[in-house]
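Enquirer: I am sharing final_16.cif, which consists of mmCIF, C-alpha atoms and all ligand atoms:
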```cif
data_final
#
loop_
_atom_site.label_atom_id
_atom_site.label_comp_id
_atom_site.auth_asym_id
_atom_site.auth_seq_id
_atom_site.Cartn_x
_atom_site.Cartn_y
_atom_site.Cartn_z
CA MET A 2 -24.80 -25.50 11.27
CA ARG A 3 -21.92 -25.47 13.78
CA ALA A 4 -19.13 -22.95 13.30
CA ILE A 5 -16.21 -21.45 15.18
CA GLN A 6 -17.07 -17.82 15.71
CA LEU A 7 -15.03 -14.96 17.06
CA THR A 8 -17.49 -12.81 18.97
CA ALA A 9 -14.91 -10.30 20.26
CA VAL A 10 -11.13 -10.07 20.63
CA ASN A 11 -9.95 -13.39 22.11
CA GLN A 12 -13.54 -14.69 22.37
CA LEU A 13 -13.64 -17.98 20.45
CA GLU A 14 -16.92 -19.94 20.57
CA VAL A 15 -18.34 -22.99 18.82
CA ARG A 16 -21.88 -21.96 17.99
CA ASP A 17 -24.98 -22.80 15.98
CA VAL A 18 -25.31 -20.30 13.15
CA PRO A 19 -27.63 -20.16 10.11
CA ASP A 20 -26.62 -22.28 7.10
CA PRO A 21 -25.03 -20.27 4.28
CA VAL A 22 -27.24 -19.44 1.29
CA PRO A 23 -25.41 -19.48 -2.05
CA ALA A 24 -25.67 -16.34 -4.20
CA ALA A 25 -25.86 -16.62 -7.99
CA GLY A 26 -22.67 -18.27 -9.22
CA GLU A 27 -21.87 -19.72 -5.80
CA VAL A 28 -21.98 -23.24 -4.38
CA VAL A 29 -22.23 -24.54 -0.85
CA VAL A 30 -19.27 -26.70 0.21
CA LYS A 31 -19.72 -29.10 3.13
CA ILE A 32 -16.36 -28.75 4.87
CA SER A 33 -14.60 -32.02 5.66
CA ALA A 34 -11.42 -30.35 6.94
CA ALA A 35 -10.17 -26.80 7.43
CA ALA A 36 -6.84 -25.43 8.65
CA LEU A 37 -5.43 -22.53 10.64
CA ASN A 38 -3.03 -19.87 9.45
CA HIS A 39 -1.23 -17.30 11.54
CA ARG A 40 -3.70 -14.81 10.07
CA ASP A 41 -6.44 -16.45 12.16
CA VAL A 42 -4.34 -15.86 15.28
CA TRP A 43 -3.81 -12.19 14.36
CA ILE A 44 -7.58 -11.83 13.86
CA LYS A 45 -8.31 -13.53 17.21
CA LEU A 46 -5.83 -11.22 18.95
CA GLY A 47 -7.49 -8.18 17.35
CA GLN A 48 -4.30 -7.39 15.39
CA TYR A 49 -5.65 -7.44 11.84
CA ALA A 50 -7.02 -4.71 9.58
CA GLY A 51 -10.80 -4.54 9.01
CA LEU A 52 -11.85 -6.59 12.05
CA LYS A 53 -15.57 -7.23 12.49
CA PHE A 54 -17.41 -9.33 15.05
CA PRO A 55 -18.93 -11.82 15.02
CA CYS A 56 -16.95 -13.49 12.25
CA ILE A 57 -16.11 -17.03 11.21
CA PRO A 58 -12.35 -17.14 10.53
CA GLY A 59 -10.53 -19.72 8.41
CA SER A 60 -8.98 -19.42 4.93
CA ASP A 61 -8.30 -23.09 4.20
CA GLY A 62 -10.93 -25.69 3.43
CA VAL A 63 -11.68 -28.87 1.54
CA GLY A 64 -15.05 -30.53 1.17
CA GLU A 65 -17.84 -31.70 -1.05
CA VAL A 66 -20.14 -29.43 -3.03
CA VAL A 67 -23.68 -30.05 -1.74
CA GLU A 68 -25.71 -27.26 -3.36
CA ALA A 69 -25.43 -24.99 -6.38
CA GLY A 70 -26.84 -21.45 -6.49
CA ALA A 71 -28.66 -19.74 -9.35
CA GLU A 72 -27.02 -19.64 -12.79
CA LEU A 73 -25.13 -22.89 -12.13
CA GLU A 74 -25.82 -26.38 -13.42
CA PRO A 75 -26.05 -28.49 -10.20
CA GLY A 76 -24.96 -31.66 -12.04
CA GLU A 77 -21.69 -29.95 -12.91
CA TRP A 78 -20.80 -29.21 -9.27
CA VAL A 79 -22.70 -31.26 -6.69
CA GLY A 80 -20.70 -34.23 -5.38
CA ARG A 81 -17.27 -32.84 -6.32
CA ARG A 82 -14.43 -32.86 -3.79
CA VAL A 83 -12.96 -29.40 -3.94
CA ILE A 84 -10.42 -27.12 -2.30
CA ILE A 85 -11.02 -23.42 -2.06
CA ASN A 86 -8.60 -20.77 -3.31
CA PRO A 87 -8.64 -18.20 -0.47
CA SER A 88 -7.25 -15.41 -2.68
CA PHE A 89 -10.44 -13.58 -3.75
CA GLY A 90 -10.65 -10.90 -6.44
CA TRP A 91 -6.92 -10.87 -7.31
CA GLY A 92 -7.51 -8.89 -10.51
CA LEU A 93 -5.83 -8.94 -13.89
CA SER A 94 -2.18 -8.16 -13.13
CA GLU A 95 0.37 -10.86 -12.28
CA ALA A 96 2.53 -8.17 -10.65
CA ALA A 97 0.20 -7.47 -7.71
CA GLN A 98 -3.36 -7.88 -6.50
CA GLY A 99 -5.94 -5.22 -7.39
CA ALA A 100 -8.21 -3.01 -5.31
CA ASP A 101 -10.95 -5.66 -4.95
CA PHE A 102 -8.60 -8.24 -3.43
CA SER A 103 -9.61 -9.95 -0.19
CA ILE A 104 -8.73 -13.10 1.74
CA LEU A 105 -11.32 -15.70 2.71
CA GLY A 106 -12.12 -15.65 6.43
CA LEU A 107 -12.52 -11.87 6.96
CA PRO A 108 -14.34 -9.88 5.79
CA ARG A 109 -16.18 -12.84 4.28
CA ASN A 110 -17.04 -15.74 6.63
CA GLY A 111 -14.39 -18.45 6.48
CA THR A 112 -13.93 -22.19 6.50
CA LEU A 113 -14.11 -22.95 10.24
CA ALA A 114 -17.72 -24.01 9.75
CA GLU A 115 -19.65 -27.08 8.68
CA LYS A 116 -20.59 -25.32 5.43
CA ILE A 117 -19.48 -22.35 3.40
CA ALA A 118 -20.85 -20.58 0.30
CA VAL A 119 -18.17 -19.60 -2.24
CA PRO A 120 -18.07 -18.48 -5.89
CA VAL A 121 -17.24 -21.37 -8.21
CA GLU A 122 -14.25 -19.54 -9.67
CA GLN A 123 -12.52 -20.07 -6.28
CA LEU A 124 -12.80 -23.86 -6.53
CA SER A 125 -10.42 -26.52 -7.80
CA LEU A 126 -10.70 -30.27 -7.61
CA ALA A 127 -8.82 -31.46 -4.52
CA PRO A 128 -5.63 -33.33 -5.60
CA ALA A 129 -6.56 -37.02 -5.54
CA HIS A 130 -3.37 -38.14 -3.78
CA LEU A 131 -4.16 -36.02 -0.71
CA SER A 132 -6.29 -36.95 2.30
CA ASP A 133 -8.86 -34.36 3.40
CA GLU A 134 -6.51 -33.25 6.19
CA GLU A 135 -3.60 -32.81 3.76
CA ALA A 136 -5.73 -31.01 1.17
CA ALA A 137 -7.07 -28.64 3.85
CA ALA A 138 -3.48 -27.78 4.79
CA LEU A 139 -2.62 -26.60 1.30
CA PRO A 140 -4.48 -23.45 0.20
CA LEU A 141 -3.25 -20.24 1.88
CA ALA A 142 0.20 -21.38 2.95
CA GLY A 143 0.84 -23.37 -0.23
CA LEU A 144 -0.19 -20.45 -2.43
CA THR A 145 1.87 -17.90 -0.47
CA ALA A 146 4.96 -20.14 -0.42
CA TRP A 147 4.61 -20.88 -4.13
CA ARG A 148 4.51 -17.22 -5.09
CA ALA A 149 7.37 -16.36 -2.72
CA VAL A 150 9.68 -19.17 -3.87
CA MET A 151 8.80 -19.65 -7.52
CA THR A 152 7.16 -16.46 -8.83
CA ARG A 153 8.94 -13.76 -6.84
CA ALA A 154 12.32 -15.28 -5.88
CA GLN A 155 12.39 -17.56 -8.97
CA VAL A 156 14.41 -20.24 -7.21
CA LYS A 157 16.33 -22.43 -9.65
CA GLY A 158 17.95 -25.84 -9.40
CA GLY A 159 21.34 -25.70 -7.70
CA GLU A 160 20.70 -22.40 -5.89
CA ARG A 161 21.30 -22.20 -2.14
CA VAL A 162 18.16 -21.19 -0.23
CA LEU A 163 17.60 -20.33 3.45
CA ILE A 164 14.06 -20.62 4.86
CA GLY A 165 13.34 -19.08 8.26
CA GLY A 166 11.17 -20.52 11.05
CA ILE A 167 10.72 -23.92 9.47
CA GLY A 168 8.06 -25.07 11.95
CA GLY A 169 5.65 -22.62 10.29
CA GLY A 170 3.02 -23.85 7.86
CA THR A 171 4.09 -21.53 5.06
CA ALA A 172 7.81 -22.10 5.64
CA LEU A 173 7.39 -25.85 5.26
CA PHE A 174 5.70 -25.46 1.88
CA ALA A 175 8.55 -23.15 0.86
CA LEU A 176 10.95 -25.97 1.82
CA GLN A 177 8.99 -28.54 -0.18
CA PHE A 178 8.73 -26.32 -3.28
CA ALA A 179 12.40 -25.27 -3.17
CA VAL A 180 13.51 -28.90 -2.77
CA ALA A 181 11.22 -29.89 -5.66
CA ALA A 182 12.88 -27.16 -7.77
CA GLY A 183 16.26 -28.76 -7.10
CA ALA A 184 17.62 -26.12 -4.72
CA GLU A 185 19.98 -26.76 -1.82
CA VAL A 186 17.85 -25.75 1.15
CA TRP A 187 18.88 -24.72 4.66
CA VAL A 188 16.47 -23.74 7.41
CA THR A 189 16.27 -21.90 10.73
CA SER A 190 14.17 -22.84 13.73
CA SER A 191 13.89 -22.40 17.49
CA SER A 192 13.91 -26.20 17.80
CA ALA A 193 16.61 -28.78 17.06
CA GLU A 194 13.89 -31.37 16.60
CA LYS A 195 12.18 -29.27 13.90
CA ILE A 196 15.52 -28.85 12.11
CA ALA A 197 15.97 -32.64 12.18
CA ARG A 198 12.49 -33.09 10.73
CA ALA A 199 13.27 -30.53 8.02
CA ARG A 200 16.36 -32.54 7.10
CA ALA A 201 14.13 -35.57 6.64
CA LEU A 202 12.13 -33.48 4.15
CA GLY A 203 15.24 -32.66 2.13
CA ALA A 204 16.92 -29.75 3.94
CA ARG A 205 20.71 -29.89 3.95
CA GLY A 206 21.06 -28.35 7.40
CA GLY A 207 19.72 -25.79 9.84
CA PHE A 208 20.48 -23.16 12.45
CA ASP A 209 18.84 -22.23 15.75
CA TYR A 210 17.81 -18.57 15.38
CA THR A 211 17.45 -18.19 19.16
CA ARG A 212 21.21 -18.66 19.68
CA PRO A 213 23.17 -15.39 19.91
CA GLY A 214 25.55 -15.14 16.95
CA TRP A 215 23.70 -17.82 14.96
CA ALA A 216 23.94 -15.88 11.70
CA GLU A 217 27.73 -15.46 11.87
CA ALA A 218 28.08 -19.17 12.65
CA ALA A 219 25.73 -20.00 9.77
CA ALA A 220 27.70 -17.83 7.33
CA LYS A 221 30.92 -19.60 8.37
CA GLU A 222 29.37 -23.06 8.14
CA VAL A 223 27.85 -22.65 4.67
CA ALA A 224 30.95 -20.91 3.36
CA GLU A 225 33.14 -23.79 4.55
CA GLU A 226 30.77 -26.66 3.81
CA ALA A 227 28.90 -25.43 0.75
CA GLY A 228 31.13 -22.72 -0.66
CA GLY A 229 29.14 -19.47 -0.34
CA LEU A 230 26.22 -17.57 1.12
CA PHE A 231 22.52 -17.85 0.23
CA ASP A 232 21.23 -17.00 -3.24
CA VAL A 233 17.68 -16.77 -1.88
CA ILE A 234 16.28 -16.19 1.62
CA ILE A 235 12.59 -16.71 2.44
CA ASP A 236 11.46 -14.92 5.60
CA SER A 237 8.22 -14.32 7.46
CA ALA A 238 9.54 -13.23 10.85
CA GLY A 239 11.00 -9.78 10.09
CA GLY A 240 11.79 -7.88 13.30
CA PRO A 241 15.28 -7.40 14.72
CA GLY A 242 16.50 -10.63 13.06
CA PHE A 243 15.96 -9.27 9.54
CA GLU A 244 19.27 -7.39 9.55
CA ALA A 245 21.19 -10.65 9.92
CA LEU A 246 19.51 -12.02 6.80
CA ILE A 247 21.04 -9.21 4.75
CA ASP A 248 24.49 -10.37 5.89
CA LEU A 249 23.63 -13.95 4.93
CA ALA A 250 22.58 -13.11 1.36
CA ALA A 251 25.15 -13.76 -1.37
CA PRO A 252 26.04 -10.83 -3.66
CA GLY A 253 23.09 -10.43 -6.06
CA GLY A 254 20.88 -12.43 -3.71
CA ARG A 255 17.11 -12.15 -3.31
CA ILE A 256 15.25 -11.93 0.01
CA ALA A 257 11.51 -12.66 -0.34
CA PHE A 258 9.26 -11.97 2.66
CA PHE A 259 5.56 -12.17 3.35
CA GLY A 260 5.24 -11.84 7.12
CA ALA A 261 6.35 -9.74 10.05
CA THR A 262 5.71 -12.10 12.95
CA ARG A 263 8.38 -10.25 14.94
CA GLY A 264 7.34 -6.77 13.72
CA ASN A 265 9.20 -4.29 11.52
CA PRO A 266 13.00 -4.47 11.37
CA PRO A 267 14.31 -1.62 13.54
CA VAL A 268 17.11 -0.92 11.03
CA LEU A 269 17.60 -1.53 7.34
CA PRO A 270 21.29 -1.36 6.36
CA MET A 271 20.74 0.23 2.98
CA ARG A 272 24.40 0.49 2.04
CA LYS A 273 24.80 -3.29 2.29
CA VAL A 274 21.67 -3.79 0.20
CA PHE A 275 22.76 -1.57 -2.69
CA TRP A 276 26.48 -2.36 -2.58
CA ARG A 277 25.82 -6.09 -2.69
CA GLN A 278 23.06 -5.72 -5.33
CA LEU A 279 20.41 -7.43 -3.18
CA SER A 280 16.74 -7.60 -4.15
CA LEU A 281 14.15 -7.26 -1.38
CA LEU A 282 10.97 -8.88 -2.66
CA GLY A 283 7.68 -8.33 -0.86
CA THR A 284 5.04 -10.93 -1.64
CA THR A 285 1.48 -11.71 -0.53
CA MET A 286 -0.80 -14.66 -1.28
CA GLY A 287 -0.94 -15.38 -5.03
CA SER A 288 -2.75 -14.93 -8.34
CA PRO A 289 -5.01 -17.51 -10.01
CA ALA A 290 -1.99 -18.42 -12.18
CA ASP A 291 0.12 -19.01 -9.05
CA TRP A 292 -2.69 -21.15 -7.62
CA ALA A 293 -2.92 -23.29 -10.77
CA ALA A 294 0.87 -23.71 -10.99
CA MET A 295 1.09 -24.63 -7.29
CA LEU A 296 -1.66 -27.25 -7.60
CA ALA A 297 -0.12 -28.68 -10.76
CA THR A 298 3.28 -29.09 -9.06
CA VAL A 299 1.79 -30.59 -5.88
CA THR A 300 -0.04 -33.11 -8.06
CA ARG A 301 2.81 -33.84 -10.49
CA GLN A 302 5.44 -34.20 -7.75
CA GLN A 303 2.98 -35.96 -5.40
CA ILE A 304 3.86 -33.51 -2.62
CA HIS A 305 2.15 -34.21 0.71
CA PRO A 306 1.57 -31.17 2.98
CA VAL A 307 2.94 -31.58 6.50
CA VAL A 308 0.07 -31.80 8.99
CA SER A 309 1.13 -31.08 12.55
CA GLU A 310 -2.06 -31.97 14.42
CA VAL A 311 -5.77 -32.43 13.78
CA PHE A 312 -8.33 -30.96 16.20
CA PRO A 313 -12.13 -31.18 16.31
CA PHE A 314 -13.91 -27.79 16.28
CA GLU A 315 -14.72 -28.20 19.99
CA ARG A 316 -10.98 -27.98 20.77
CA ALA A 317 -10.46 -24.75 18.80
CA ALA A 318 -9.02 -22.92 21.80
CA GLU A 319 -6.27 -25.56 22.12
CA ALA A 320 -5.53 -25.41 18.40
CA PHE A 321 -5.20 -21.61 18.43
CA ALA A 322 -3.04 -21.77 21.57
CA LEU A 323 -0.71 -24.27 19.88
CA MET A 324 -0.18 -21.86 16.98
CA GLU A 325 0.20 -18.85 19.27
CA ARG A 326 3.10 -20.52 21.09
CA GLY A 327 4.66 -21.84 17.84
CA GLY A 328 4.43 -25.45 18.98
CA GLN A 329 3.45 -26.84 15.58
CA PHE A 330 5.51 -28.43 12.83
CA GLY A 331 3.41 -27.74 9.76
CA LYS A 332 -0.30 -27.12 9.50
CA ILE A 333 -2.89 -27.27 12.25
CA VAL A 334 -6.01 -28.89 10.80
CA MET A 335 -9.55 -28.50 12.17
CA LYS A 336 -12.39 -30.94 11.57
CA PRO A 337 -16.07 -30.11 12.03
N1 LIG A 401 1.43 -11.91 3.29
C1 LIG A 401 0.88 -13.12 3.15
O1 LIG A 401 0.25 -13.43 2.14
C2 LIG A 401 1.07 -14.13 4.24
C3 LIG A 401 0.67 -15.46 4.01
C4 LIG A 401 0.94 -16.41 5.00
C5 LIG A 401 1.55 -16.02 6.19
N2 LIG A 401 1.86 -14.73 6.38
C6 LIG A 401 2.54 -14.31 7.63
O2 LIG A 401 3.72 -15.09 7.74
C7 LIG A 401 3.94 -15.46 9.10
C8 LIG A 401 3.96 -16.97 9.21
O3 LIG A 401 2.66 -17.47 8.94
P1 LIG A 401 2.28 -19.02 9.11
O4 LIG A 401 0.81 -19.14 8.95
O5 LIG A 401 3.19 -19.85 8.29
O6 LIG A 401 2.64 -19.15 10.67
P2 LIG A 401 2.87 -20.33 11.67
O7 LIG A 401 2.52 -21.64 11.03
O8 LIG A 401 2.22 -19.91 12.93
O9 LIG A 401 4.48 -20.30 11.86
C9 LIG A 401 5.12 -19.37 12.61
C10 LIG A 401 6.60 -19.79 12.71
O10 LIG A 401 7.36 -18.62 12.79
C11 LIG A 401 8.63 -19.00 13.24
N3 LIG A 401 9.25 -17.89 13.97
C12 LIG A 401 8.83 -17.30 15.08
N4 LIG A 401 9.74 -16.36 15.47
C13 LIG A 401 10.73 -16.38 14.56
C14 LIG A 401 11.96 -15.67 14.40
N5 LIG A 401 12.34 -14.73 15.26
N6 LIG A 401 12.75 -15.98 13.34
C15 LIG A 401 12.39 -16.93 12.45
N7 LIG A 401 11.23 -17.63 12.56
C16 LIG A 401 10.42 -17.35 13.60
C17 LIG A 401 8.44 -20.22 14.14
O11 LIG A 401 9.29 -21.25 13.61
P3 LIG A 401 9.95 -22.41 14.50
O12 LIG A 401 8.78 -23.09 15.15
O13 LIG A 401 10.66 -23.26 13.52
O14 LIG A 401 10.87 -21.74 15.48
C18 LIG A 401 6.95 -20.54 13.97
O15 LIG A 401 6.69 -21.92 13.86
C19 LIG A 401 2.84 -14.78 9.90
O16 LIG A 401 3.32 -13.51 10.33
C20 LIG A 401 1.74 -14.58 8.88
O17 LIG A 401 0.85 -13.54 9.21
C21 LIG A 401 1.64 -13.77 5.43
#
```
Please lay out the structure from this file as structure tokens.

Expert:
Amino acid sequence: MRAIQLTAVNQLEVRDVPDPVPAAGEVVVKISAAALNHRDVWIKLGQYAGLKFPCIPGSDGVGEVVEAGAELEPGEWVGRRVIINPSFGWGLSEAAQGADFSILGLPRNGTLAEKIAVPVEQLSLAPAHLSDEEAAALPLAGLTAWRAVMTRAQVKGGERVLIGGIGGGTALFALQFAVAAGAEVWVTSSSAEKIARARALGARGGFDYTRPGWAEAAAKEVAEEAGGLFDVIIDSAGGPGFEALIDLAAPGGRIAFFGATRGNPPVLPMRKVFWRQLSLLGTTMGSPADWAAMLATVTRQQIHPVVSEVFPFERAAEAFALMERGGQFGKIVMKP
């Protein structure tokens, strides 16, 4: 089969590799669409724990089951259109993943391939209202955003929410889930056009985080226009900009974060955090219960993931470059 392989840091190749062989309890899924996450960029750049080469990256995939391994009834699986939960071995606690946790697409070969073997417990029927491209966009980013917004930050109707870097795949799901929960959502972005597109998806307004003093201006604007600061902030950038988010949180507010695209914050103003009773909520991926709740909401509310662009495998280098420069609005989808 054809697959996108990383053979060394920054060495991306489309290659012929052996077909996967399903172990007992696994099926082979013929991938109809896959998608990129920033994780794949970190792996390509050699900036991810547990790197090994060669590897097939990719955590998101949708496709048809074409073969069932031992201990499975083929009639029960073959022919089904499924999406793959990339959160492997979460464990029994809802509070955090256990020691056996891993993410599809390193160490295990991922979805940027014509076929993949996965345990059946990782499969769900793909929501019928979604195209293959939309369904492929959903898994990792949808799961992470769901847990951040609903499980960890517990966003409620009427709350004011700020979501950073709205062009990002995960941030856009956070917007869709917070809007679906009835929250008043504001966004940040480096692009006025992306803020305008976020408004079309239900955001009330947005701020350009590249402008000096943007956070002070944002605090003034929401205080005047909406009557207060943010009950919940969802962040994946971290870095020097994180300090400003603490100033933007309302007393008693929650800041949920799952990424550090801009690195660690150089300072953490602890006195502001404790005096204003803020909760800093770290979150990563999601449990099987988060996955089921996310899929149920996407189906019930007929939410359509935002697909930025679709690339054939042969144009993988372009697709990765688009994500590396932050040019996307939503998910970058790859088709074999
Ligand atoms: N822990 C987990 O489970 C988990 C899961 C998913 C993602 N992540 C992490 O979360 C981050 C985002 O992942 P993704 O896949 O959604 O990435 P992505 O689709 O590549 O989005 C990245 C976005 O980050 C925004 N950004 C860049 N610099 C920023 C800054 N200084 N302030 C605010 N936003 C900024 C940009 O938004 P604009 O284009 O709007 O400017 C960009 O589009 C990555 O660091 C990733 O590793 C972690």

Enquirer: Please determine the residues with any atom at most 6 Å from (26.1, -14.5, -2.1) (coordinates as given in the file, with all atoms listed in the file counting) and report them as a PDB file with C-alpha atoms, keeping the file's coordinate frame.

Expert:
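Final output, saved to result-v6.pdb:
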```
ATOM      1  CA  LEU A 230      26.220 -17.570   1.120  1.00  0.00           C
ATOM      2  CA  PHE A 231      22.520 -17.850   0.230  1.00  0.00           C
ATOM      3  CA  ASP A 232      21.230 -17.000  -3.240  1.00  0.00           C
ATOM      4  CA  ALA A 250      22.580 -13.110   1.360  1.00  0.00           C
ATOM      5  CA  ALA A 251      25.150 -13.760  -1.370  1.00  0.00           C
ATOM      6  CA  PRO A 252      26.040 -10.830  -3.660  1.00  0.00           C
ATOM      7  CA  GLY A 254      20.880 -12.430  -3.710  1.00  0.00           C
TER       8      GLY A 254
END
```

Enquirer: Give me the residues within 12 Å of Met271 (chain A) as a VMD selection string, counting all atoms listed in the file and dropping any in the same chain fewer than 5 places off.

Expert: chain A and resid 244 247 to 248 276 to 281

Enquirer: Just write the chosen residues, C-alpha atoms, as a short mmCIF file (atom, residue, chain, number, x, y, z; two decimals), keeping the file's coordinate frame.

Expert:
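The new file selection.cif reads:
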```cif
data_model
loop_
_atom_site.label_atom_id
_atom_site.label_comp_id
_atom_site.auth_asym_id
_atom_site.auth_seq_id
_atom_site.Cartn_x
_atom_site.Cartn_y
_atom_site.Cartn_z
CA GLU A 244 19.27 -7.39 9.55
CA ILE A 247 21.04 -9.21 4.75
CA ASP A 248 24.49 -10.37 5.89
CA TRP A 276 26.48 -2.36 -2.58
CA ARG A 277 25.82 -6.09 -2.69
CA GLN A 278 23.06 -5.72 -5.33
CA LEU A 279 20.41 -7.43 -3.18
CA SER A 280 16.74 -7.60 -4.15
CA LEU A 281 14.15 -7.26 -1.38
#
```

Enquirer: Using all atoms listed in the file, determine which residues lie at most 9 Å from Gly229 (chain A), disregarding the query and same-chain residues fewer than 3 positions distant; provide the list as a list in words.

Expert: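 Those residues are Arg161, Ala220, Lys221, Val223, Ala224, Glu225, Glu226, Asp232 and Ala251 of chain A.
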
Enquirer: Would you save the residues of that selection, restricted to C-alpha atoms, as a PDB file, in the coordinates of the input?

Expert:
```pdb
ATOM      1  CA  ARG A 161      21.300 -22.200  -2.140  1.00  0.00           C
ATOM      2  CA  ALA A 220      27.700 -17.830   7.330  1.00  0.00           C
ATOM      3  CA  LYS A 221      30.920 -19.600   8.370  1.00  0.00           C
ATOM      4  CA  VAL A 223      27.850 -22.650   4.670  1.00  0.00           C
ATOM      5  CA  ALA A 224      30.950 -20.910   3.360  1.00  0.00           C
ATOM      6  CA  GLU A 225      33.140 -23.790   4.550  1.00  0.00           C
ATOM      7  CA  GLU A 226      30.770 -26.660   3.810  1.00  0.00           C
ATOM      8  CA  ASP A 232      21.230 -17.000  -3.240  1.00  0.00           C
ATOM      9  CA  ALA A 251      25.150 -13.760  -1.370  1.00  0.00           C
TER      10      ALA A 251
END
```

Enquirer: Find the distance between CA of Val119 (chain A) and CA of Val28 (chain A) and write it in Å to one decimal.

Expert: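 It comes out at 5.7 Å.
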
Enquirer: Identify, on the basis of all atoms listed in the file, every residue whose closest approach to Leu269 (chain A) does not exceed 9 Å; exclude the query and any residue fewer than 3 positions from it along the same chain; express the result as number ranges by chain.

Expert: A: 243-244, 247, 266, 272-274

Enquirer: Identify which of the residues A:Gly283, A:Gly170, A:Pro58, A:Gly76 lies closest to Ala35 (chain A), counting only C-alpha atoms when measuring atom-to-atom distances.

Expert: A:Pro58

Enquirer: Could you list, as a list of chain:residue names, every residue within 8 Å of Val66 (chain A), counting all atoms listed in the file and ignoring same-chain residues fewer than 5 positions away?

Expert: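 Residues meeting the cut-off are A:Val28, A:Val29, A:Val30, A:Lys31, A:Trp78, A:Val79, A:Gly80, A:Arg81, A:Arg82, A:Val83.
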
Enquirer: May I have the residues at most 10 Å from (-15.6, -30.4, 19.4) in the file's coordinates, counting all atoms listed in the file, as a list in words?

Expert: Arg3, Ile5, Val15, Phe312, Pro313, Phe314, Glu315, Arg316, Ala317, Met335, Lys336 and Pro337 of chain A

Enquirer: So that I can look at just that part, could you write region 156-170 of chain A with N, CA and C atoms, as a PDB file, in the first residue's frame?

Expert:
```
ATOM      1  N   VAL A 156     -18.252  24.496  30.320  1.00  0.00           N
ATOM      2  CA  VAL A 156     -18.907  25.704  29.806  1.00  0.00           C
ATOM      3  C   VAL A 156     -20.425  25.531  29.841  1.00  0.00           C
ATOM      4  N   LYS A 157     -21.095  26.592  30.318  1.00  0.00           N
ATOM      5  CA  LYS A 157     -22.561  26.541  30.419  1.00  0.00           C
ATOM      6  C   LYS A 157     -23.181  27.648  29.575  1.00  0.00           C
ATOM      7  N   GLY A 158     -24.439  27.460  29.246  1.00  0.00           N
ATOM      8  CA  GLY A 158     -25.168  28.471  28.472  1.00  0.00           C
ATOM      9  C   GLY A 158     -25.080  29.823  29.149  1.00  0.00           C
ATOM     10  N   GLY A 159     -24.847  30.871  28.363  1.00  0.00           N
ATOM     11  CA  GLY A 159     -24.794  32.220  28.902  1.00  0.00           C
ATOM     12  C   GLY A 159     -23.421  32.648  29.364  1.00  0.00           C
ATOM     13  N   GLU A 160     -22.473  31.701  29.509  1.00  0.00           N
ATOM     14  CA  GLU A 160     -21.130  32.108  29.944  1.00  0.00           C
ATOM     15  C   GLU A 160     -20.384  32.764  28.787  1.00  0.00           C
ATOM     16  N   ARG A 161     -19.430  33.625  29.154  1.00  0.00           N
ATOM     17  CA  ARG A 161     -18.618  34.314  28.143  1.00  0.00           C
ATOM     18  C   ARG A 161     -17.294  33.563  28.005  1.00  0.00           C
ATOM     19  N   VAL A 162     -16.982  33.158  26.772  1.00  0.00           N
ATOM     20  CA  VAL A 162     -15.830  32.287  26.520  1.00  0.00           C
ATOM     21  C   VAL A 162     -14.906  32.947  25.504  1.00  0.00           C
ATOM     22  N   LEU A 163     -13.590  32.868  25.744  1.00  0.00           N
ATOM     23  CA  LEU A 163     -12.599  33.363  24.771  1.00  0.00           C
ATOM     24  C   LEU A 163     -11.788  32.169  24.267  1.00  0.00           C
ATOM     25  N   ILE A 164     -11.706  32.026  22.950  1.00  0.00           N
ATOM     26  CA  ILE A 164     -10.947  30.907  22.360  1.00  0.00           C
ATOM     27  C   ILE A 164      -9.804  31.485  21.529  1.00  0.00           C
ATOM     28  N   GLY A 165      -8.582  31.060  21.845  1.00  0.00           N
ATOM     29  CA  GLY A 165      -7.398  31.630  21.196  1.00  0.00           C
ATOM     30  C   GLY A 165      -7.050  30.937  19.890  1.00  0.00           C
ATOM     31  N   GLY A 166      -6.481  31.702  18.948  1.00  0.00           N
ATOM     32  CA  GLY A 166      -5.956  31.141  17.701  1.00  0.00           C
ATOM     33  C   GLY A 166      -7.000  30.391  16.908  1.00  0.00           C
ATOM     34  N   ILE A 167      -8.060  31.096  16.505  1.00  0.00           N
ATOM     35  CA  ILE A 167      -9.258  30.413  16.012  1.00  0.00           C
ATOM     36  C   ILE A 167      -9.045  29.717  14.666  1.00  0.00           C
ATOM     37  N   GLY A 168      -7.959  30.046  13.962  1.00  0.00           N
ATOM     38  CA  GLY A 168      -7.697  29.316  12.719  1.00  0.00           C
ATOM     39  C   GLY A 168      -7.353  27.858  12.965  1.00  0.00           C
ATOM     40  N   GLY A 169      -6.938  27.515  14.177  1.00  0.00           N
ATOM     41  CA  GLY A 169      -6.500  26.155  14.486  1.00  0.00           C
ATOM     42  C   GLY A 169      -7.649  25.155  14.458  1.00  0.00           C
ATOM     43  N   GLY A 170      -7.300  23.917  14.104  1.00  0.00           N
ATOM     44  CA  GLY A 170      -8.309  22.866  14.005  1.00  0.00           C
ATOM     45  C   GLY A 170      -9.023  22.640  15.328  1.00  0.00           C
TER      46      GLY A 170
END
```
